[in-house]
>>> print(open('upload-v1.cif').read())   # mmCIF, C-alpha atoms
data_coords
#
loop_
_atom_site.label_atom_id
_atom_site.label_comp_id
_atom_site.auth_asym_id
_atom_site.auth_seq_id
_atom_site.Cartn_x
_atom_site.Cartn_y
_atom_site.Cartn_z
CA MET A 1 94.59 100.92 93.00
CA LEU A 2 97.53 98.82 91.82
CA THR A 3 96.89 97.13 88.48
CA PRO A 4 97.86 93.47 87.96
CA ARG A 5 100.49 94.58 85.44
CA GLU A 6 102.01 97.04 87.93
CA ALA A 7 102.06 94.34 90.61
CA GLU A 8 103.69 91.82 88.27
CA ASP A 9 106.32 94.44 87.35
CA ILE A 10 107.18 94.84 91.04
CA PHE A 11 107.69 91.08 91.40
CA SER A 12 109.66 90.83 88.15
CA ARG A 13 112.00 93.73 88.95
CA SER A 14 112.84 92.18 92.33
CA GLY A 15 113.71 88.78 90.85
CA ALA A 16 110.88 87.11 92.75
CA LEU A 17 109.47 85.20 89.76
CA LEU A 18 111.81 82.28 88.98
CA GLN A 19 111.89 79.87 86.03
CA GLY A 20 113.10 76.25 86.33
CA HIS A 21 111.97 72.95 87.91
CA PHE A 22 110.63 73.40 91.42
CA LEU A 23 109.28 71.29 94.25
CA LEU A 24 106.46 73.21 95.95
CA THR A 25 105.56 72.99 99.64
CA SER A 26 102.44 71.09 98.55
CA GLY A 27 104.65 68.37 97.05
CA ARG A 28 103.69 69.32 93.49
CA HIS A 29 106.16 70.34 90.78
CA SER A 30 106.14 73.55 88.74
CA ASP A 31 108.19 75.31 86.07
CA ARG A 32 107.78 78.71 87.74
CA TYR A 33 108.18 79.73 91.35
CA MET A 34 107.30 82.92 93.15
CA GLN A 35 110.00 83.61 95.74
CA CYS A 36 108.34 86.49 97.58
CA ALA A 37 111.31 86.89 99.91
CA GLN A 38 113.03 88.59 96.96
CA VAL A 39 110.38 91.31 96.81
CA LEU A 40 109.87 91.49 100.58
CA LYS A 41 113.53 92.41 101.11
CA HIS A 42 112.69 95.77 99.52
CA PRO A 43 110.75 97.88 102.06
CA ASP A 44 109.47 100.30 99.42
CA SER A 45 108.02 97.49 97.27
CA THR A 46 106.62 95.71 100.33
CA GLU A 47 104.90 98.91 101.43
CA VAL A 48 103.25 99.34 98.02
CA LEU A 49 102.00 95.71 97.91
CA ALA A 50 100.80 95.73 101.53
CA ARG A 51 99.04 99.06 101.04
CA GLU A 52 97.06 97.47 98.23
CA LEU A 53 95.99 94.55 100.45
CA ALA A 54 95.18 96.83 103.37
CA ALA A 55 93.01 99.05 101.16
CA ARG A 56 90.91 96.06 100.16
CA PHE A 57 90.11 95.31 103.82
CA ARG A 58 89.97 98.87 105.19
CA ASP A 59 86.16 98.73 105.67
CA ASP A 60 86.10 95.27 107.29
CA ARG A 61 86.83 96.49 110.85
CA VAL A 62 89.98 94.37 111.22
CA ASP A 63 91.30 94.15 114.81
CA LEU A 64 94.33 91.95 114.16
CA VAL A 65 96.40 90.66 111.24
CA VAL A 66 97.90 87.16 111.41
CA GLY A 67 100.20 85.38 108.97
CA PRO A 68 101.97 82.04 108.93
CA ALA A 69 105.74 81.91 109.46
CA MET A 70 107.83 82.42 107.46
CA GLY A 71 106.23 83.92 104.36
CA GLY A 72 103.44 85.72 106.17
CA ILE A 73 105.51 87.44 108.86
CA ILE A 74 106.56 90.52 106.91
CA VAL A 75 103.23 90.67 105.08
CA ALA A 76 101.32 90.56 108.40
CA TYR A 77 103.52 93.25 109.89
CA GLU A 78 103.19 95.67 106.98
CA VAL A 79 99.46 95.11 106.33
CA ALA A 80 98.84 95.59 110.07
CA ARG A 81 100.90 98.80 110.03
CA GLN A 82 98.86 100.06 107.08
CA LEU A 83 95.60 99.25 108.92
CA GLY A 84 96.81 100.64 112.26
CA VAL A 85 96.29 97.35 114.13
CA PRO A 86 98.63 94.75 115.68
CA GLY A 87 100.19 92.10 113.47
CA ILE A 88 101.34 88.68 114.69
CA PHE A 89 102.26 85.31 113.21
CA CYS A 90 101.73 81.62 113.77
CA GLU A 91 104.57 79.15 113.47
CA ARG A 92 104.94 75.40 113.48
CA GLU A 93 105.32 73.66 116.79
CA GLN A 94 105.60 69.87 116.54
CA GLY A 95 104.29 70.08 112.99
CA GLN A 96 101.19 72.16 113.80
CA MET A 97 100.56 75.89 113.41
CA ALA A 98 100.44 77.53 116.81
CA LEU A 99 100.73 80.88 118.53
CA ARG A 100 104.04 81.25 120.35
CA ARG A 101 106.19 84.09 121.70
CA GLY A 102 103.38 85.32 123.92
CA PHE A 103 101.07 86.09 120.99
CA ARG A 104 97.36 85.86 121.75
CA ILE A 105 94.13 86.06 119.84
CA THR A 106 91.13 86.96 121.96
CA PRO A 107 87.57 85.74 121.48
CA GLY A 108 85.53 88.05 119.30
CA GLN A 109 88.48 89.69 117.53
CA ARG A 110 88.04 90.31 113.82
CA VAL A 111 91.14 88.80 112.22
CA LEU A 112 92.59 89.19 108.74
CA VAL A 113 94.80 86.25 107.73
CA VAL A 114 97.56 87.14 105.25
CA GLU A 115 100.19 85.20 103.32
CA ASP A 116 102.83 85.90 100.71
CA VAL A 117 101.98 83.14 98.18
CA VAL A 118 99.07 80.69 98.02
CA THR A 119 99.13 77.54 95.92
CA THR A 120 96.83 75.09 97.71
CA GLY A 121 96.07 77.26 100.75
CA GLY A 122 97.19 74.72 103.34
CA SER A 123 99.11 77.09 105.61
CA VAL A 124 96.37 79.72 105.45
CA ARG A 125 93.74 77.15 106.43
CA GLU A 126 95.89 76.08 109.39
CA VAL A 127 96.14 79.71 110.57
CA MET A 128 92.38 80.13 110.10
CA ASP A 129 91.89 77.10 112.38
CA VAL A 130 94.13 78.69 115.04
CA VAL A 131 92.09 81.91 114.82
CA ARG A 132 88.75 80.11 115.09
CA THR A 133 89.94 77.86 117.92
CA ALA A 134 90.75 81.05 119.84
CA GLY A 135 87.12 82.15 119.40
CA ALA A 136 87.91 84.91 116.93
CA GLU A 137 86.36 85.60 113.53
CA VAL A 138 88.28 85.35 110.26
CA VAL A 139 87.02 88.37 108.31
CA GLY A 140 89.14 87.67 105.28
CA VAL A 141 92.26 86.32 103.65
CA GLY A 142 94.71 88.58 101.85
CA VAL A 143 97.62 87.28 99.77
CA LEU A 144 100.27 88.95 97.71
CA VAL A 145 100.20 86.22 95.05
CA ASP A 146 97.50 83.66 94.35
CA ARG A 147 99.26 81.20 92.10
CA SER A 148 96.18 78.96 91.87
CA GLY A 149 94.55 81.29 89.36
CA GLY A 150 91.75 81.98 91.85
CA ALA A 151 90.88 78.31 92.40
CA VAL A 152 91.51 78.28 96.16
CA ASP A 153 88.35 78.98 98.18
CA PHE A 154 88.73 79.87 101.86
CA GLY A 155 85.02 80.48 102.44
CA VAL A 156 85.63 84.12 103.41
CA LYS A 157 86.39 87.32 101.54
CA THR A 158 89.69 86.70 99.74
CA GLU A 159 91.83 89.26 97.98
CA ALA A 160 95.09 88.85 96.07
CA VAL A 161 97.33 91.61 94.79
CA LEU A 162 98.35 89.36 91.89
CA VAL A 163 96.52 86.29 90.59
CA MET A 164 98.62 83.98 88.44
CA ASP A 165 97.65 80.69 86.90
CA ILE A 166 100.99 78.92 87.31
CA ALA A 167 100.81 75.28 86.32
CA SER A 168 101.77 72.62 88.83
CA TRP A 169 101.74 68.86 88.57
CA ALA A 170 101.77 65.81 90.80
CA PRO A 171 105.33 64.40 90.67
CA GLU A 172 104.22 61.39 88.63
CA GLU A 173 102.58 63.72 86.06
CA CYS A 174 105.38 66.29 85.82
CA PRO A 175 106.36 66.90 82.17
CA LEU A 176 109.77 68.19 83.29
CA CYS A 177 110.53 64.91 85.08
CA ALA A 178 109.21 62.95 82.09
CA ALA A 179 111.55 64.90 79.81
CA GLY A 180 114.55 64.01 82.00
CA ALA A 181 115.06 67.48 83.50
CA ALA A 182 117.29 67.90 86.52
CA PRO A 183 115.55 67.02 89.79
CA PRO A 184 113.29 69.75 91.15
CA VAL A 185 114.68 72.23 93.64
CA LYS A 186 112.85 73.59 96.65
CA PRO A 187 113.72 77.27 96.91
CA GLY A 188 111.24 78.08 99.72
CA SER A 189 111.92 78.43 103.42
CA ARG A 190 111.20 74.77 104.23
CA ALA A 191 113.93 73.38 101.96
#
>>> encode(input="upload-v1.cif", output="structure tokens")
Amino acid sequence: MLTPREAEDIFSRSGALLQGHFLLTSGRHSDRYMQCAQVLKHPDSTEVLARELAARFRDDRVDLVVGPAMGGIIVAYEVARQLGVPGIFCEREQGQMALRRGFRITPGQRVLVVEDVVTTGGSVREVMDVVRTAGAEVVGVGVLVDRSGGAVDFGVKTEAVLVMDIASWAPEECPLCAAGAAPPVKPGSRA
């Protein structure tokens, strides 16, 4: 099993953990940002992290792995490969998560939803809704990094390779803004 320290070392060595003033997808501000794309560009590191997630769900009879685009695409692929099942992704269509590209989820399938980083869990919940609307069962949620410190509850088995309690603030409560810092930057894929 990968220890939290070993996992954090993988993220640090790849340059995935950034320091600064950031605008998160949720609209909140933070002084640290986990840019998982920096670790996911390294296949060897991705394999190690995905193996850890897959191991935690190996006994849950997963039929399919689904992640949200963009962050969950590579994670879904590699966790699915580790579990020996198909991996697909949802993407936004007219502002809503949807299955495209001929992807299908069939009623009764046991689906593992995965993501690279969770802060509020919004994208994961949207994917869970897609899975349930298709008549399938969400057997769990697996994330590489839970930056909520474990506060997000999806109502199903949830596993994170790394749990970090990274502070975030509503824009009007941001101490960096109050101190006159440069405006926040949005380093994620929806910049």
>>> atom_distance(input="upload-v1.cif", atom1="atom CA of A:Asp165", atom2="atom CA of A:Gly87")
29.0 Å
>>> closest_residue(input="upload-v1.cif", among="A:Gly95, A:Gly20, A:Gly142, A:Pro171", to="A:Thr158", atoms="only C-alpha atoms")
A:Gly142
>>> closest_residue(input="upload-v1.cif", among="A:Leu53, A:Ala7, A:Met97, A:Leu2", to="A:Val79", atoms="all atoms listed in the file")
A:Leu53
>>> resolve_selection(input="upload-v1.cif", expression="the PyMOL selection byres ((chain A and resi 129) around 12)", output="JSON, numbers by chain")
{"A": [66, 68, 90, 96, 97, 98, 99, 105, 111, 113, 122, 123, 124, 125, 126, 127, 128, 130, 131, 132, 133, 134, 135, 136, 137, 138, 154]}
>>> residues_around(input="upload-v1.cif", residues="stretch 115-119 of chain A", least_positions_apart="2", cutoff="6 Å", atoms="only C-alpha atoms", output="PDB file with C-alpha atoms, in the frame of the given file")
ATOM      1  CA  GLY A  67     100.200  85.380 108.970  1.00  0.00           C
ATOM      2  CA  GLY A  71     106.230  83.920 104.360  1.00  0.00           C
ATOM      3  CA  GLY A  72     103.440  85.720 106.170  1.00  0.00           C
ATOM      4  CA  GLY A 121      96.070  77.260 100.750  1.00  0.00           C
ATOM      5  CA  VAL A 143      97.620  87.280  99.770  1.00  0.00           C
ATOM      6  CA  LEU A 144     100.270  88.950  97.710  1.00  0.00           C
ATOM      7  CA  VAL A 145     100.200  86.220  95.050  1.00  0.00           C
ATOM      8  CA  ASP A 146      97.500  83.660  94.350  1.00  0.00           C
ATOM      9  CA  ARG A 147      99.260  81.200  92.100  1.00  0.00           C
ATOM     10  CA  SER A 148      96.180  78.960  91.870  1.00  0.00           C
TER      11      SER A 148
END
>>> atom_distance(input="upload-v1.cif", atom1="atom CA of A:Thr120", atom2="atom CA of A:Val152")
6.4 Å
>>> closest_residue(input="upload-v1.cif", among="A:Gln82, A:Val141, A:Gln94, A:Asp59", to="A:Val161", atoms="all atoms listed in the file")
A:Val141
>>> residues_around(input="upload-v1.cif", residues="A:Ala54", least_positions_apart="5", cutoff="12 Å", atoms="all atoms listed in the file", output="ChimeraX atom specification")
/A:1-2,46-49,59-62,64-65,75-85,112-114,140-144,159-161
>>> build_atoms(input="upload-v1.cif", residues="stretch 9-45 of chain A", atoms="N, CA and C atoms", output="mmCIF file, keeping the file's coordinate frame")
data_model
loop_
_atom_site.group_PDB
_atom_site.id
_atom_site.type_symbol
_atom_site.label_atom_id
_atom_site.label_comp_id
_atom_site.auth_asym_id
_atom_site.auth_seq_id
_atom_site.Cartn_x
_atom_site.Cartn_y
_atom_site.Cartn_z
ATOM 1 N N ASP A 9 105.049 93.723 87.586
ATOM 2 C CA ASP A 9 106.320 94.440 87.350
ATOM 3 C C ASP A 9 107.141 94.533 88.636
ATOM 4 N N ILE A 10 106.468 94.770 89.760
ATOM 5 C CA ILE A 10 107.180 94.840 91.040
ATOM 6 C C ILE A 10 107.854 93.504 91.336
ATOM 7 N N PHE A 11 107.123 92.402 91.149
ATOM 8 C CA PHE A 11 107.690 91.080 91.400
ATOM 9 C C PHE A 11 108.817 90.755 90.417
ATOM 10 N N SER A 12 108.636 91.112 89.166
ATOM 11 C CA SER A 12 109.660 90.830 88.150
ATOM 12 C C SER A 12 110.941 91.610 88.412
ATOM 13 N N ARG A 13 110.815 92.896 88.695
ATOM 14 C CA ARG A 13 112.000 93.730 88.950
ATOM 15 C C ARG A 13 112.813 93.238 90.135
ATOM 16 N N SER A 14 112.139 92.646 91.126
ATOM 17 C CA SER A 14 112.840 92.180 92.330
ATOM 18 C C SER A 14 113.494 90.821 92.145
ATOM 19 N N GLY A 15 113.186 90.125 91.045
ATOM 20 C CA GLY A 15 113.710 88.780 90.850
ATOM 21 C C GLY A 15 112.922 87.721 91.598
ATOM 22 N N ALA A 16 111.694 88.045 91.977
ATOM 23 C CA ALA A 16 110.880 87.110 92.750
ATOM 24 C C ALA A 16 110.282 85.993 91.907
ATOM 25 N N LEU A 17 110.070 86.222 90.627
ATOM 26 C CA LEU A 17 109.470 85.200 89.760
ATOM 27 C C LEU A 17 110.594 84.422 89.084
ATOM 28 N N LEU A 18 110.725 83.143 89.459
ATOM 29 C CA LEU A 18 111.810 82.280 88.980
ATOM 30 C C LEU A 18 111.306 81.292 87.943
ATOM 31 N N GLN A 19 112.181 80.886 87.035
ATOM 32 C CA GLN A 19 111.890 79.870 86.030
ATOM 33 C C GLN A 19 112.804 78.676 86.283
ATOM 34 N N GLY A 20 112.292 77.443 86.121
ATOM 35 C CA GLY A 20 113.100 76.250 86.330
ATOM 36 C C GLY A 20 112.233 75.028 86.609
ATOM 37 N N HIS A 21 112.695 74.160 87.504
ATOM 38 C CA HIS A 21 111.970 72.950 87.910
ATOM 39 C C HIS A 21 111.944 72.959 89.431
ATOM 40 N N PHE A 22 110.750 73.153 89.992
ATOM 41 C CA PHE A 22 110.630 73.400 91.420
ATOM 42 C C PHE A 22 109.734 72.400 92.120
ATOM 43 N N LEU A 23 110.094 72.102 93.358
ATOM 44 C CA LEU A 23 109.280 71.290 94.250
ATOM 45 C C LEU A 23 108.577 72.255 95.190
ATOM 46 N N LEU A 24 107.251 72.297 95.116
ATOM 47 C CA LEU A 24 106.460 73.210 95.950
ATOM 48 C C LEU A 24 106.226 72.611 97.322
ATOM 49 N N THR A 25 105.873 73.441 98.286
ATOM 50 C CA THR A 25 105.560 72.990 99.640
ATOM 51 C C THR A 25 104.470 71.930 99.625
ATOM 52 N N SER A 26 103.548 72.044 98.681
ATOM 53 C CA SER A 26 102.440 71.090 98.550
ATOM 54 C C SER A 26 102.899 69.711 98.083
ATOM 55 N N GLY A 27 104.157 69.613 97.605
ATOM 56 C CA GLY A 27 104.650 68.370 97.050
ATOM 57 C C GLY A 27 104.552 68.316 95.533
ATOM 58 N N ARG A 28 103.858 69.275 94.950
ATOM 59 C CA ARG A 28 103.690 69.320 93.490
ATOM 60 C C ARG A 28 104.927 69.948 92.849
ATOM 61 N N HIS A 29 105.057 69.756 91.542
ATOM 62 C CA HIS A 29 106.160 70.340 90.780
ATOM 63 C C HIS A 29 105.629 71.483 89.927
ATOM 64 N N SER A 30 106.520 72.424 89.587
ATOM 65 C CA SER A 30 106.140 73.550 88.740
ATOM 66 C C SER A 30 107.354 74.026 87.962
ATOM 67 N N ASP A 31 107.104 74.736 86.857
ATOM 68 C CA ASP A 31 108.190 75.310 86.070
ATOM 69 C C ASP A 31 108.433 76.784 86.400
ATOM 70 N N ARG A 32 107.577 77.334 87.270
ATOM 71 C CA ARG A 32 107.780 78.710 87.740
ATOM 72 C C ARG A 32 107.573 78.726 89.246
ATOM 73 N N TYR A 33 108.252 79.640 89.898
ATOM 74 C CA TYR A 33 108.180 79.730 91.350
ATOM 75 C C TYR A 33 108.200 81.191 91.753
ATOM 76 N N MET A 34 107.328 81.550 92.656
ATOM 77 C CA MET A 34 107.300 82.920 93.150
ATOM 78 C C MET A 34 108.020 82.940 94.499
ATOM 79 N N GLN A 35 109.198 83.507 94.518
ATOM 80 C CA GLN A 35 110.000 83.610 95.740
ATOM 81 C C GLN A 35 109.796 85.008 96.315
ATOM 82 N N CYS A 36 108.718 85.159 97.079
ATOM 83 C CA CYS A 36 108.340 86.490 97.580
ATOM 84 C C CYS A 36 109.389 87.121 98.480
ATOM 85 N N ALA A 37 110.260 86.312 99.073
ATOM 86 C CA ALA A 37 111.310 86.890 99.910
ATOM 87 C C ALA A 37 112.138 87.900 99.108
ATOM 88 N N GLN A 38 112.248 87.679 97.795
ATOM 89 C CA GLN A 38 113.030 88.590 96.960
ATOM 90 C C GLN A 38 112.366 89.962 96.824
ATOM 91 N N VAL A 39 111.051 90.010 96.857
ATOM 92 C CA VAL A 39 110.380 91.310 96.810
ATOM 93 C C VAL A 39 110.243 91.886 98.215
ATOM 94 N N LEU A 40 110.062 91.019 99.214
ATOM 95 C CA LEU A 40 109.870 91.490 100.580
ATOM 96 C C LEU A 40 111.144 92.056 101.211
ATOM 97 N N LYS A 41 112.287 91.813 100.585
ATOM 98 C CA LYS A 41 113.530 92.410 101.110
ATOM 99 C C LYS A 41 113.636 93.892 100.764
ATOM 100 N N HIS A 42 112.720 94.362 99.915
ATOM 101 C CA HIS A 42 112.690 95.770 99.520
ATOM 102 C C HIS A 42 111.537 96.460 100.250
ATOM 103 N N PRO A 43 111.824 97.241 101.297
ATOM 104 C CA PRO A 43 110.750 97.880 102.060
ATOM 105 C C PRO A 43 109.818 98.739 101.220
ATOM 106 N N ASP A 44 110.337 99.440 100.226
ATOM 107 C CA ASP A 44 109.470 100.300 99.420
ATOM 108 C C ASP A 44 108.480 99.466 98.601
ATOM 109 N N SER A 45 108.926 98.359 98.032
ATOM 110 C CA SER A 45 108.020 97.490 97.270
ATOM 111 C C SER A 45 107.023 96.809 98.194
#
